[in-house]
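Enquirer: structure05.cif is reproduced in full below (mmCIF, C-alpha atoms).
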data_target
#
loop_
_atom_site.group_PDB
_atom_site.id
_atom_site.type_symbol
_atom_site.label_atom_id
_atom_site.label_comp_id
_atom_site.auth_asym_id
_atom_site.auth_seq_id
_atom_site.Cartn_x
_atom_site.Cartn_y
_atom_site.Cartn_z
ATOM 1 C CA MET F 1017 -15.408 -13.257 21.344
ATOM 2 C CA PRO F 1018 -15.644 -14.122 17.633
ATOM 3 C CA ASP F 1019 -12.512 -15.276 15.831
ATOM 4 C CA SER F 1020 -11.024 -12.293 14.011
ATOM 5 C CA ARG F 1021 -8.575 -14.444 12.069
ATOM 6 C CA PRO F 1022 -8.809 -13.800 8.318
ATOM 7 C CA ASP F 1023 -9.482 -16.493 5.753
ATOM 8 C CA VAL F 1024 -6.208 -18.200 4.861
ATOM 9 C CA GLU F 1025 -5.340 -20.085 1.692
ATOM 10 C CA VAL F 1026 -2.147 -22.156 1.712
ATOM 11 C CA ARG F 1027 -0.479 -22.663 -1.646
ATOM 12 C CA ARG F 1028 2.125 -25.396 -1.846
ATOM 13 C CA SER F 1029 4.777 -25.274 -4.551
ATOM 14 C CA ARG F 1030 7.219 -27.962 -5.671
ATOM 15 C CA ARG F 1031 9.497 -25.244 -7.041
ATOM 16 C CA ARG F 1032 9.724 -23.538 -3.644
ATOM 17 C CA LYS F 1033 12.429 -25.212 -1.507
ATOM 18 C CA ARG F 1034 12.789 -23.204 1.730
ATOM 19 C CA THR F 1035 11.105 -19.837 1.513
ATOM 20 C CA VAL F 1036 7.705 -18.877 2.855
ATOM 21 C CA ASP F 1037 5.825 -15.698 2.043
ATOM 22 C CA ALA F 1038 2.378 -14.234 2.482
ATOM 23 C CA HIS F 1039 0.242 -11.545 0.915
ATOM 24 C CA ARG F 1040 -3.374 -10.476 0.778
ATOM 25 C CA GLU F 1041 -5.802 -11.061 -2.038
ATOM 26 C CA GLY F 1042 -8.914 -9.191 -1.006
ATOM 27 C CA SER F 1043 -9.867 -10.396 2.470
ATOM 28 C CA THR F 1044 -7.917 -13.662 2.134
ATOM 29 C CA VAL F 1045 -4.315 -14.144 3.231
ATOM 30 C CA ILE F 1046 -2.335 -16.310 0.808
ATOM 31 C CA VAL F 1047 0.581 -18.199 2.378
ATOM 32 C CA ASN F 1048 3.042 -19.753 -0.084
ATOM 33 C CA ILE F 1049 5.084 -22.651 1.282
ATOM 34 C CA PRO F 1050 7.245 -25.475 -0.097
ATOM 35 C CA ALA F 1051 5.274 -28.619 -1.003
ATOM 36 C CA SER F 1052 7.594 -30.686 1.190
ATOM 37 C CA MET F 1053 6.467 -29.075 4.476
ATOM 38 C CA SER F 1054 4.580 -31.171 7.020
ATOM 39 C CA ARG F 1055 1.151 -30.118 8.304
ATOM 40 C CA ALA F 1056 2.756 -29.029 11.592
ATOM 41 C CA GLN F 1057 5.284 -26.877 9.720
ATOM 42 C CA GLU F 1058 2.465 -25.467 7.599
ATOM 43 C CA GLN F 1059 0.491 -24.478 10.701
ATOM 44 C CA HIS F 1060 3.583 -22.911 12.274
ATOM 45 C CA TRP F 1061 4.237 -20.799 9.174
ATOM 46 C CA VAL F 1062 0.601 -19.784 8.726
ATOM 47 C CA ASP F 1063 0.547 -18.534 12.335
ATOM 48 C CA GLU F 1064 3.916 -16.800 11.911
ATOM 49 C CA MET F 1065 2.957 -15.094 8.643
ATOM 50 C CA LEU F 1066 -0.341 -13.867 10.123
ATOM 51 C CA ARG F 1067 1.623 -12.368 13.052
ATOM 52 C CA ARG F 1068 4.038 -10.688 10.642
ATOM 53 C CA LEU F 1069 1.229 -9.214 8.548
ATOM 54 C CA GLU F 1070 -0.504 -7.951 11.686
ATOM 55 C CA ARG F 1071 2.713 -6.276 12.909
ATOM 56 C CA ALA F 1072 3.256 -4.695 9.485
ATOM 57 C CA ASP F 1073 -0.334 -3.404 9.499
ATOM 58 C CA ALA F 1074 0.146 -1.927 12.968
ATOM 59 C CA ARG F 1075 3.240 -0.052 11.760
ATOM 60 C CA ARG F 1076 1.475 1.252 8.661
ATOM 61 C CA ARG F 1077 -1.874 1.986 10.319
ATOM 62 C CA PRO F 1078 -1.081 2.966 13.906
ATOM 63 C CA GLY F 1079 -4.516 4.499 14.465
ATOM 64 C CA ARG F 1080 -6.360 1.185 14.170
ATOM 65 C CA GLY F 1081 -5.800 0.081 17.728
ATOM 66 C CA ALA F 1082 -4.816 3.409 19.247
ATOM 67 C CA GLY F 1083 -6.752 4.873 22.127
ATOM 68 C CA ASP F 1084 -6.830 8.462 23.288
ATOM 69 C CA ALA F 1085 -3.792 7.913 25.538
ATOM 70 C CA ASP F 1086 -1.847 6.614 22.526
ATOM 71 C CA LEU F 1087 -2.771 9.758 20.589
ATOM 72 C CA ALA F 1088 -1.650 11.982 23.462
ATOM 73 C CA ALA F 1089 1.690 10.143 23.701
ATOM 74 C CA ARG F 1090 2.150 10.406 19.932
ATOM 75 C CA ALA F 1091 1.397 14.145 20.033
ATOM 76 C CA GLU F 1092 3.953 14.582 22.831
ATOM 77 C CA ARG F 1093 6.646 12.769 20.807
ATOM 78 C CA LEU F 1094 5.866 14.858 17.723
ATOM 79 C CA ALA F 1095 5.942 18.149 19.627
ATOM 80 C CA THR F 1096 9.285 17.207 21.162
ATOM 81 C CA ALA F 1097 10.789 16.019 17.879
ATOM 82 C CA HIS F 1098 9.540 18.740 15.526
ATOM 83 C CA LEU F 1099 8.113 21.792 17.288
ATOM 84 C CA ASP F 1100 10.075 22.452 20.484
ATOM 85 C CA ALA F 1101 13.154 23.410 18.444
ATOM 86 C CA ILE F 1102 11.257 26.174 16.617
ATOM 87 C CA ALA F 1103 9.333 27.495 19.623
ATOM 88 C CA PRO F 1104 10.454 30.992 20.686
ATOM 89 C CA ASP F 1105 10.752 29.838 24.307
ATOM 90 C CA GLY F 1106 12.044 26.324 23.481
ATOM 91 C CA ALA F 1107 8.822 24.508 24.361
ATOM 92 C CA TRP F 1108 5.786 24.236 22.123
ATOM 93 C CA PRO F 1109 2.423 24.320 23.951
ATOM 94 C CA ARG F 1110 1.060 20.879 24.759
ATOM 95 C CA PRO F 1111 -2.592 19.896 24.402
ATOM 96 C CA ALA F 1112 -4.765 19.390 27.465
ATOM 97 C CA SER F 1113 -6.341 16.426 25.670
ATOM 98 C CA VAL F 1114 -6.103 14.538 22.385
ATOM 99 C CA ARG F 1115 -8.937 12.189 21.471
ATOM 100 C CA TRP F 1116 -10.710 10.368 18.698
ATOM 101 C CA THR F 1117 -14.145 11.644 17.746
ATOM 102 C CA LYS F 1118 -16.889 10.514 15.400
ATOM 103 C CA PRO F 1119 -16.162 11.245 11.727
ATOM 104 C CA MET F 1120 -16.368 14.950 11.045
ATOM 105 C CA ARG F 1121 -18.225 16.104 7.947
ATOM 106 C CA THR F 1122 -15.781 18.673 6.592
ATOM 107 C CA ARG F 1123 -12.426 18.193 8.341
ATOM 108 C CA TRP F 1124 -9.941 15.573 9.482
ATOM 109 C CA ALA F 1125 -9.377 17.067 12.919
ATOM 110 C CA SER F 1126 -9.969 20.136 15.022
ATOM 111 C CA CYS F 1127 -8.222 22.107 17.731
ATOM 112 C CA THR F 1128 -9.620 24.532 20.264
ATOM 113 C CA PRO F 1129 -6.612 26.601 21.367
ATOM 114 C CA ALA F 1130 -8.546 28.238 24.227
ATOM 115 C CA ASP F 1131 -8.847 24.962 26.131
ATOM 116 C CA GLY F 1132 -6.043 23.021 24.415
ATOM 117 C CA THR F 1133 -8.197 20.209 23.062
ATOM 118 C CA ILE F 1134 -7.422 18.301 19.863
ATOM 119 C CA ARG F 1135 -9.959 15.973 18.258
ATOM 120 C CA LEU F 1136 -9.171 13.592 15.396
ATOM 121 C CA SER F 1137 -11.783 12.075 13.127
ATOM 122 C CA GLU F 1138 -12.187 8.317 13.375
ATOM 123 C CA ARG F 1139 -11.584 8.302 9.597
ATOM 124 C CA LEU F 1140 -7.881 8.784 10.364
ATOM 125 C CA ARG F 1141 -7.620 5.360 12.026
ATOM 126 C CA GLU F 1142 -6.900 3.851 8.610
ATOM 127 C CA VAL F 1143 -4.228 6.260 7.342
ATOM 128 C CA PRO F 1144 -0.486 5.518 7.414
ATOM 129 C CA GLY F 1145 1.427 6.680 10.471
ATOM 130 C CA TRP F 1146 3.188 9.542 8.688
ATOM 131 C CA VAL F 1147 -0.189 10.972 7.627
ATOM 132 C CA LEU F 1148 -1.580 10.694 11.167
ATOM 133 C CA ASP F 1149 1.594 12.407 12.401
ATOM 134 C CA HIS F 1150 1.096 15.302 9.988
ATOM 135 C CA VAL F 1151 -2.488 15.835 11.180
ATOM 136 C CA LEU F 1152 -1.326 15.826 14.794
ATOM 137 C CA VAL F 1153 1.462 18.312 14.033
ATOM 138 C CA HIS F 1154 -1.028 20.499 12.147
ATOM 139 C CA GLU F 1155 -3.298 20.586 15.191
ATOM 140 C CA LEU F 1156 -0.380 21.094 17.594
ATOM 141 C CA VAL F 1157 0.672 24.133 15.563
ATOM 142 C CA HIS F 1158 -2.815 25.570 16.136
ATOM 143 C CA LEU F 1159 -2.088 25.684 19.876
ATOM 144 C CA ARG F 1160 0.244 28.629 19.150
ATOM 145 C CA GLU F 1161 -0.946 29.787 15.696
ATOM 146 C CA PRO F 1162 -4.761 29.791 15.448
ATOM 147 C CA HIS F 1163 -4.874 30.883 11.782
ATOM 148 C CA HIS F 1164 -3.459 29.304 8.618
ATOM 149 C CA GLY F 1165 -1.156 32.237 7.904
ATOM 150 C CA PRO F 1166 2.535 32.247 6.930
ATOM 151 C CA ALA F 1167 3.741 31.635 10.513
ATOM 152 C CA PHE F 1168 1.413 28.643 10.750
ATOM 153 C CA ARG F 1169 2.655 27.177 7.448
ATOM 154 C CA ARG F 1170 6.308 27.624 8.484
ATOM 155 C CA ALA F 1171 5.695 25.800 11.768
ATOM 156 C CA GLU F 1172 3.670 23.052 10.069
ATOM 157 C CA ALA F 1173 6.592 22.493 7.684
ATOM 158 C CA ALA F 1174 8.741 21.484 10.675
ATOM 159 C CA TYR F 1175 7.256 18.028 10.106
ATOM 160 C CA PRO F 1176 9.191 16.879 7.015
ATOM 161 C CA ARG F 1177 6.384 14.875 5.407
ATOM 162 C CA SER F 1178 3.653 17.507 5.730
ATOM 163 C CA GLU F 1179 3.427 18.356 2.044
ATOM 164 C CA ARG F 1180 3.229 14.694 1.071
ATOM 165 C CA ALA F 1181 0.612 14.000 3.768
ATOM 166 C CA ILE F 1182 -1.518 16.917 2.572
ATOM 167 C CA GLY F 1183 -1.522 15.394 -0.915
ATOM 168 C CA TYR F 1184 -2.446 11.990 0.526
ATOM 169 C CA LEU F 1185 -5.387 13.465 2.449
ATOM 170 C CA GLU F 1186 -6.580 15.457 -0.566
ATOM 171 C CA GLY F 1187 -6.522 12.301 -2.678
ATOM 172 C CA LEU F 1188 -8.272 10.293 0.030
ATOM 173 C CA ALA F 1189 -11.028 12.896 0.352
ATOM 174 C CA ALA F 1190 -11.483 13.148 -3.414
ATOM 175 C CA GLY F 1191 -11.506 9.382 -3.905
ATOM 176 C CA ALA F 1192 -14.081 8.865 -1.152
ATOM 177 C CA GLY F 1193 -16.201 11.825 -2.248
ATOM 178 C CA LEU F 1194 -15.720 13.544 1.122
ATOM 179 C CA PRO F 1195 -16.203 17.333 1.313
ATOM 180 C CA ILE F 1196 -12.960 17.688 3.286
ATOM 181 C CA THR F 1197 -10.635 20.404 2.035
ATOM 182 C CA ASP F 1198 -8.257 22.964 3.444
ATOM 183 C CA THR F 1199 -10.377 25.906 2.319
ATOM 184 C CA ASP F 1200 -8.954 28.520 4.669
ATOM 185 C CA GLY F 1201 -7.134 31.315 2.953
ATOM 186 C CA GLU F 1202 -3.845 32.658 4.212
ATOM 187 C CA GLY F 1203 -4.415 34.457 7.481
ATOM 188 C CA GLU F 1204 -8.176 33.913 7.612
ATOM 189 C CA ALA F 1205 -9.750 32.916 10.896
ATOM 190 C CA ASP F 1206 -10.529 29.256 11.368
ATOM 191 C CA PRO F 1207 -12.617 29.027 14.524
ATOM 192 C CA GLU F 1208 -12.781 25.258 14.900
ATOM 193 C CA ASP F 1209 -9.736 23.832 13.111
#
Hey, can you dump this file as structure tokens for me?

Expert:
Amino acid sequence: MPDSRPDVEVRRSRRRKRTVDAHREGSTVIVNIPASMSRAQEQHWVDEMLRRLERADARRRPGRGAGDADLAARAERLATAHLDAIAPDGAWPRPASVRWTKPMRTRWASCTPADGTIRLSERLREVPGWVLDHVLVHELVHLREPHHGPAFRRAEAAYPRSERAIGYLEGLAAGAGLPITDTDGEGEADPED
């Protein structure tokens, strides 16, 4: 297995007395340490700062290492936290399956209410967790509301960051030149979303 460790540059500073920090510059991780540290201390802090950056990345980009089971568990937590309370019978429908799929040309995800399947584009592996959560909630709402009408929009708004996530996804699509938009009008049929 090839080493997946990023390039690391250690910068020693005489002005720095005790603190250590790290940040990225392109694909290189810069670790700032006091000049007085030994090589053993340097290695300890490089390893520690790489672990911290990796944990921070995992929190911000939960899709990177997530498998289909992780997506299903995330969808379950979101349905419980945001949708069950607004369901007429107290329980929002749950998907039969939630899985990653190859990048879709014109959408971020899709839901087939008839069989309860939700598919998320691999492109979403790199979005922040709150954006991934919005997409999952959006697709969960389709299990009960197949069209993007007023009832759908009310249910989708149960996730408090939906509006912000929609803006993020619109900006991401525009910046990458992707033809992904929410083009469905209010109440129009959307057979695959």

Enquirer: Taking only C-alpha atoms into account, produce a table as JSON lines in which each residue of region 1071-1166 of chain F with an atom at most 8 Å from an atom of region 1175-1190 of chain F appears once, together with its shortest atom pair and the distance in Å to one decimal, ordered by chain and rising number.

Expert:
{"residue": "F:His1098", "atom": "CA", "partner": "F:Tyr1175", "partner_atom": "CA", "distance": 5.9}
{"residue": "F:Trp1146", "atom": "CA", "partner": "F:Arg1177", "partner_atom": "CA", "distance": 7.0}
{"residue": "F:Val1147", "atom": "CA", "partner": "F:Ala1181", "partner_atom": "CA", "distance": 5.0}
{"residue": "F:His1150", "atom": "CA", "partner": "F:Ser1178", "partner_atom": "CA", "distance": 5.4}
{"residue": "F:Val1153", "atom": "CA", "partner": "F:Tyr1175", "partner_atom": "CA", "distance": 7.0}

Enquirer: Which of these, F:Arg1068, F:Asp1063, F:Thr1197, F:Val1026, has the shortest distance to Ile1049 (chain F) once you count only C-alpha atoms?

Expert: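 Looking at the shortest contact to Ile1049 (chain F), the residue is F:Val1026.
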
Enquirer: Apply the PyMOL selection byres ((chain F and resi 1124-1132) around 9) to the displayed file and report the matching residues as a ChimeraX atom specification.

Expert: /F:1109-1114,1116-1117,1119-1123,1133-1140,1151-1152,1155-1156,1158-1162,1185,1196-1197,1207-1209

Enquirer: Given the file above and the PyMOL selection byres ((chain F and resi 1036-1047) around 12), which residues are selected, and can you give them as a compact mmCIF listing (two decimals) with C-alpha atoms, in the frame of the given file?

Expert:
# COMPACT_ATOMS: atom_id res chain seq x y z
CA SER F 1020 -11.02 -12.29 14.01
CA ARG F 1021 -8.57 -14.44 12.07
CA PRO F 1022 -8.81 -13.80 8.32
CA ASP F 1023 -9.48 -16.49 5.75
CA VAL F 1024 -6.21 -18.20 4.86
CA GLU F 1025 -5.34 -20.08 1.69
CA VAL F 1026 -2.15 -22.16 1.71
CA ARG F 1027 -0.48 -22.66 -1.65
CA ARG F 1028 2.12 -25.40 -1.85
CA SER F 1029 4.78 -25.27 -4.55
CA ARG F 1031 9.50 -25.24 -7.04
CA ARG F 1032 9.72 -23.54 -3.64
CA LYS F 1033 12.43 -25.21 -1.51
CA ARG F 1034 12.79 -23.20 1.73
CA THR F 1035 11.10 -19.84 1.51
CA ASN F 1048 3.04 -19.75 -0.08
CA ILE F 1049 5.08 -22.65 1.28
CA PRO F 1050 7.24 -25.48 -0.10
CA ALA F 1051 5.27 -28.62 -1.00
CA SER F 1052 7.59 -30.69 1.19
CA MET F 1053 6.47 -29.08 4.48
CA GLN F 1057 5.28 -26.88 9.72
CA GLU F 1058 2.46 -25.47 7.60
CA GLN F 1059 0.49 -24.48 10.70
CA HIS F 1060 3.58 -22.91 12.27
CA TRP F 1061 4.24 -20.80 9.17
CA VAL F 1062 0.60 -19.78 8.73
CA ASP F 1063 0.55 -18.53 12.34
CA GLU F 1064 3.92 -16.80 11.91
CA MET F 1065 2.96 -15.09 8.64
CA LEU F 1066 -0.34 -13.87 10.12
CA ARG F 1067 1.62 -12.37 13.05
CA ARG F 1068 4.04 -10.69 10.64
CA LEU F 1069 1.23 -9.21 8.55
CA GLU F 1070 -0.50 -7.95 11.69
CA ALA F 1072 3.26 -4.70 9.48
CA ASP F 1073 -0.33 -3.40 9.50

Enquirer: Quick check, in Å to one decimal: how far apart do CA of Ala1174 (chain F) and CA of Ala1097 (chain F) lie?

Expert: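 Calculated distance between CA of Ala1174 (chain F) and CA of Ala1097 (chain F) is 9.3 Å.
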
Enquirer: Expressed in Å to a single decimal, how great is the separation between CA of Arg1071 (chain F) and CA of Gly1145 (chain F)?

Expert: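 Taking CA of Arg1071 (chain F) as the start and CA of Gly1145 (chain F) as the end point, the length is 13.2 Å.
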
Enquirer: Could you state the separation of CA of Lys1118 (chain F) and CA of Glu1142 (chain F) in Å, given to one decimal place?

Expert: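 A separation of 13.8 Å between them.
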
Enquirer: Name the closest residue to Ala1082 (chain F) among the candidates F:Ala1107, F:Leu1148, F:Ala1095, F:Ile1102; distances are taken between atoms, counting all atoms listed in the file.

Expert: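 Closest to Ala1082 (chain F), using all atoms listed in the file: F:Leu1148.
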
Enquirer: My list of candidates is F:Arg1030, F:Arg1090, F:Arg1115, F:Arg1055. Which is closest to Pro1078 (chain F) when distances are computed with only C-alpha atoms?

Expert: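 The closest residue to Pro1078 (chain F) is F:Arg1090.
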
Enquirer: Could you tell me which of F:Ala1171, F:Asp1084, F:Pro1195, F:Asp1149 comes closest to Ala1101 (chain F) if we count all atoms listed in the file?

Expert: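 Selected residue with least distance to Ala1101 (chain F): F:Ala1171.
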
Enquirer: First collect every listed atom of region 1174-1182 of chain F; then fit an axis-aligned box around them, widen it by 3 Å on each side, and give centre and edge lengths in Å to one decimal, as JSON.

Expert:
{"center_x": 3.8, "center_y": 17.7, "center_z": 5.9, "size_x": 16.7, "size_y": 13.5, "size_z": 15.6}
